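Engineer: Once you've had a glance at the structure underneath, I'll fire off some questions.
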Amino acid sequence: MAVPAHAKAEFDVNGFTVLRGCYPAGLMRSLRPPAMDSASAAALLADTELSKRVCFAHPVGNADASASPSSSPSSRVPNKLEQCSMLPGGFGRLWSDLACNGGLREAAESLLGGPAVILKDKYVFKQRGGPGFTPHQDLAYGWHRLARRAVTAHIAFDEAGPGNSALQVVRGCHSGGLVLGPDGPERELPGGFVASLPFEYVRLCPGDVLWFDALVPHRSDANTSDSPRAVYYVSFAAVSDLLPRLRPHPALPAEALAVRTEHAEPGGDVAKAPTGAGAGSLEAYSAYYDYYWRWTGDEGGFAADWAGTDGSLVSLAPVADADARAAMAARAWELFRAHGEPIDLVPGCKAPA
Ligand SMILES: O=C(O)CCC(=O)C(=O)O
């Protein structure tokens, strides 16, 4: 998927760009996973392996609640599925036909200015009552343990606008690093910082792709309309800014980086079947989900000991002090290269008042 020069320029300045009509509406209709009616939701949630590993749910009728381990499966509706490579049926086709078709990675590489590998994928589908997402920078939610730079393709299945909880982003706010509250990363953006941000809705049509930098603050409302809003997200990390142990070996032939085009069976290991066109090496993707599933825990709650300011984080300096931030980020990067593992340089890093 080629990224026109004007879109790349816009991405560099704003942190995001919209590529209109990347996928024909007919293709989007054929790739759309079946709607989650209560019977299919119940079937998914009844599968102990899948419900434990891939399903986020919220209590019916409570649009503001996030994952709640205490709700019984029968009272929960999935609205976000992670790691589609291991999902059956229509969800697996998102992985095989979109994430792995090579075009997305090509676009990610032009936006990142060099080789990229897949880091994460998820399907977010909000019917009436689907919850909002609080303001955050994606990089702060575990990605920073593996990568310093990443971009995400937000592929629209539906028309999206303010009425049905379209994504809201902040323009030109992606070059200041991570903004951390007193509790560190993997927490919400600090309220004082968020209050100053001019969020704007991104209006999309089916087949449009919104590309955004992993540092762009974004959020969404609960969907209070009768118009569903479904999105497939695929995120790529820049190889040059990846933990060294996760970088593909430069001598590997291109085919070795390719991943299979057919989805794995539930519980299967996609990394063992490297055939098909490429989303790039799966090392980073596997490492990310190894972490992610431990962090989110068996019950969908977040494990405190896998979050926050532990010693394995790559942290950036506070956004307020540009010189200090640049110096510390440079030093962090130097140590990061030397040690090949994340280093916590800025413990207790605080957001600007
Ligand atoms: O699609 C949405 O409503 C927001 C999803 C999001 O920001 C996330 O999953 O990190």
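Scheme for the structure tokens: letters A, B, ... for chains in order shown; per-chain residue numbers from 1; ligand numbers from 1 in order shown.
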Name each residue within 7 Å of ligand 1, counting only C-alpha atoms and all ligand atoms, as number ranges by chain.

Structural biologist: A: 124, 132-133, 138, 165-167, 218-221, 231

Engineer: Please provide as a ChimeraX atom specification all residues within 6 Å of A:Gln137, with the sequence filter that same-chain residues fewer than 6 positions apart are discarded (counting only C-alpha atoms).

Structural biologist: /A:215-217

Engineer: Name the residues of stretch 69-212 of chain A that fall into alpha helix (DSSP H) according to DSSP on the backbone, using the chain letters and numbers of this document, as an MDAnalysis selection string.

Structural biologist: chainID A and resid 89:93 103:112 191:195

Engineer: Separation of atom CA of A:Arg53 and atom CA of A:Gly207, in Å?

Structural biologist: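 A separation of 28.1 Å between them.
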
Engineer: Could you tell me how far atom CA of A:Asn79 lies from atom CA of A:Tyr292, in Å and to one decimal?

Structural biologist: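 Rounded to one decimal, the two atoms are 17.5 Å apart.
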
Engineer: Would you give me, as a count of residues only, the residues in stretch 103-199 of chain A that DSSP reads as strand (DSSP E or B)?

Structural biologist: 30

Engineer: Pick out the residues sitting within 10 Å of A:Leu119, and hand them over as a list in words; count only C-alpha atoms, and ignore anything fewer than 4 positions along from it in its own chain.

Structural biologist: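 Residues meeting the cut-off are Gln83, Trp143, Leu146, Ala147, Ala150, Val151, Thr152, Val234, Ser235, Phe236, Ala237, Ala238, Ala279, Gly280, Ser281, Leu282, Glu283, Ala284, Tyr285, Ser286, Ala287, Tyr288 and Tyr289 of chain A.
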
Engineer: Smallest atom-to-atom distance to A:Glu186: which of A:Ser85, A:Thr296, A:Ser225, A:Gln127, using only C-alpha atoms?

Structural biologist: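 Looking only at the distances to A:Glu186, the closest residue turns out to be A:Thr296.
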
Engineer: At what distance in Å, to one decimal, does atom CA of A:His144 lie from atom CA of A:Glu109?

Structural biologist: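 These atoms are spaced 18.7 Å apart.
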
Engineer: Could you give me, as a PyMOL selection string, the residues within 12 Å of A:Asp208, counting only C-alpha atoms and dropping anything in the same chain fewer than 4 positions from it?

Structural biologist: chain A and resi 17-25+27-28+153-160+202-204+231-232

Engineer: Just to be explicit: take each residue in the selection above, keep C-alpha atoms, and write the result as a PDB file, in the first residue's frame.

Structural biologist:
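Heads up, here's the output in selection_29.pdb:
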```
ATOM      1  CA  THR A  17      -3.028  10.599   8.316  1.00  0.00           C
ATOM      2  CA  VAL A  18      -6.081   9.070   6.647  1.00  0.00           C
ATOM      3  CA  LEU A  19      -5.710   7.041   3.457  1.00  0.00           C
ATOM      4  CA  ARG A  20      -9.154   7.033   1.876  1.00  0.00           C
ATOM      5  CA  GLY A  21     -10.630   4.015   0.112  1.00  0.00           C
ATOM      6  CA  CYS A  22      -7.700   1.637   0.611  1.00  0.00           C
ATOM      7  CA  TYR A  23      -9.989  -1.382   0.586  1.00  0.00           C
ATOM      8  CA  PRO A  24     -13.105  -1.715  -1.588  1.00  0.00           C
ATOM      9  CA  ALA A  25     -16.379  -1.683   0.313  1.00  0.00           C
ATOM     10  CA  LEU A  27     -13.974  -6.578   0.428  1.00  0.00           C
ATOM     11  CA  MET A  28     -14.728  -4.984   3.779  1.00  0.00           C
ATOM     12  CA  ALA A 153      -3.362   1.079  10.923  1.00  0.00           C
ATOM     13  CA  HIS A 154      -6.975   1.610  12.012  1.00  0.00           C
ATOM     14  CA  ILE A 155      -9.017  -0.050   9.269  1.00  0.00           C
ATOM     15  CA  ALA A 156     -12.642   1.050   9.225  1.00  0.00           C
ATOM     16  CA  PHE A 157     -15.494  -1.390   8.595  1.00  0.00           C
ATOM     17  CA  ASP A 158     -18.189   1.219   9.154  1.00  0.00           C
ATOM     18  CA  GLU A 159     -18.861   4.842   8.630  1.00  0.00           C
ATOM     19  CA  ALA A 160     -17.564   6.458  11.774  1.00  0.00           C
ATOM     20  CA  VAL A 202     -11.695  11.271  12.689  1.00  0.00           C
ATOM     21  CA  ARG A 203     -14.560  10.632  10.266  1.00  0.00           C
ATOM     22  CA  LEU A 204     -14.085   7.480   8.242  1.00  0.00           C
ATOM     23  CA  VAL A 231     -12.293  -1.501  13.385  1.00  0.00           C
ATOM     24  CA  TYR A 232      -9.379  -3.825  12.793  1.00  0.00           C
TER      25      TYR A 232
END
```
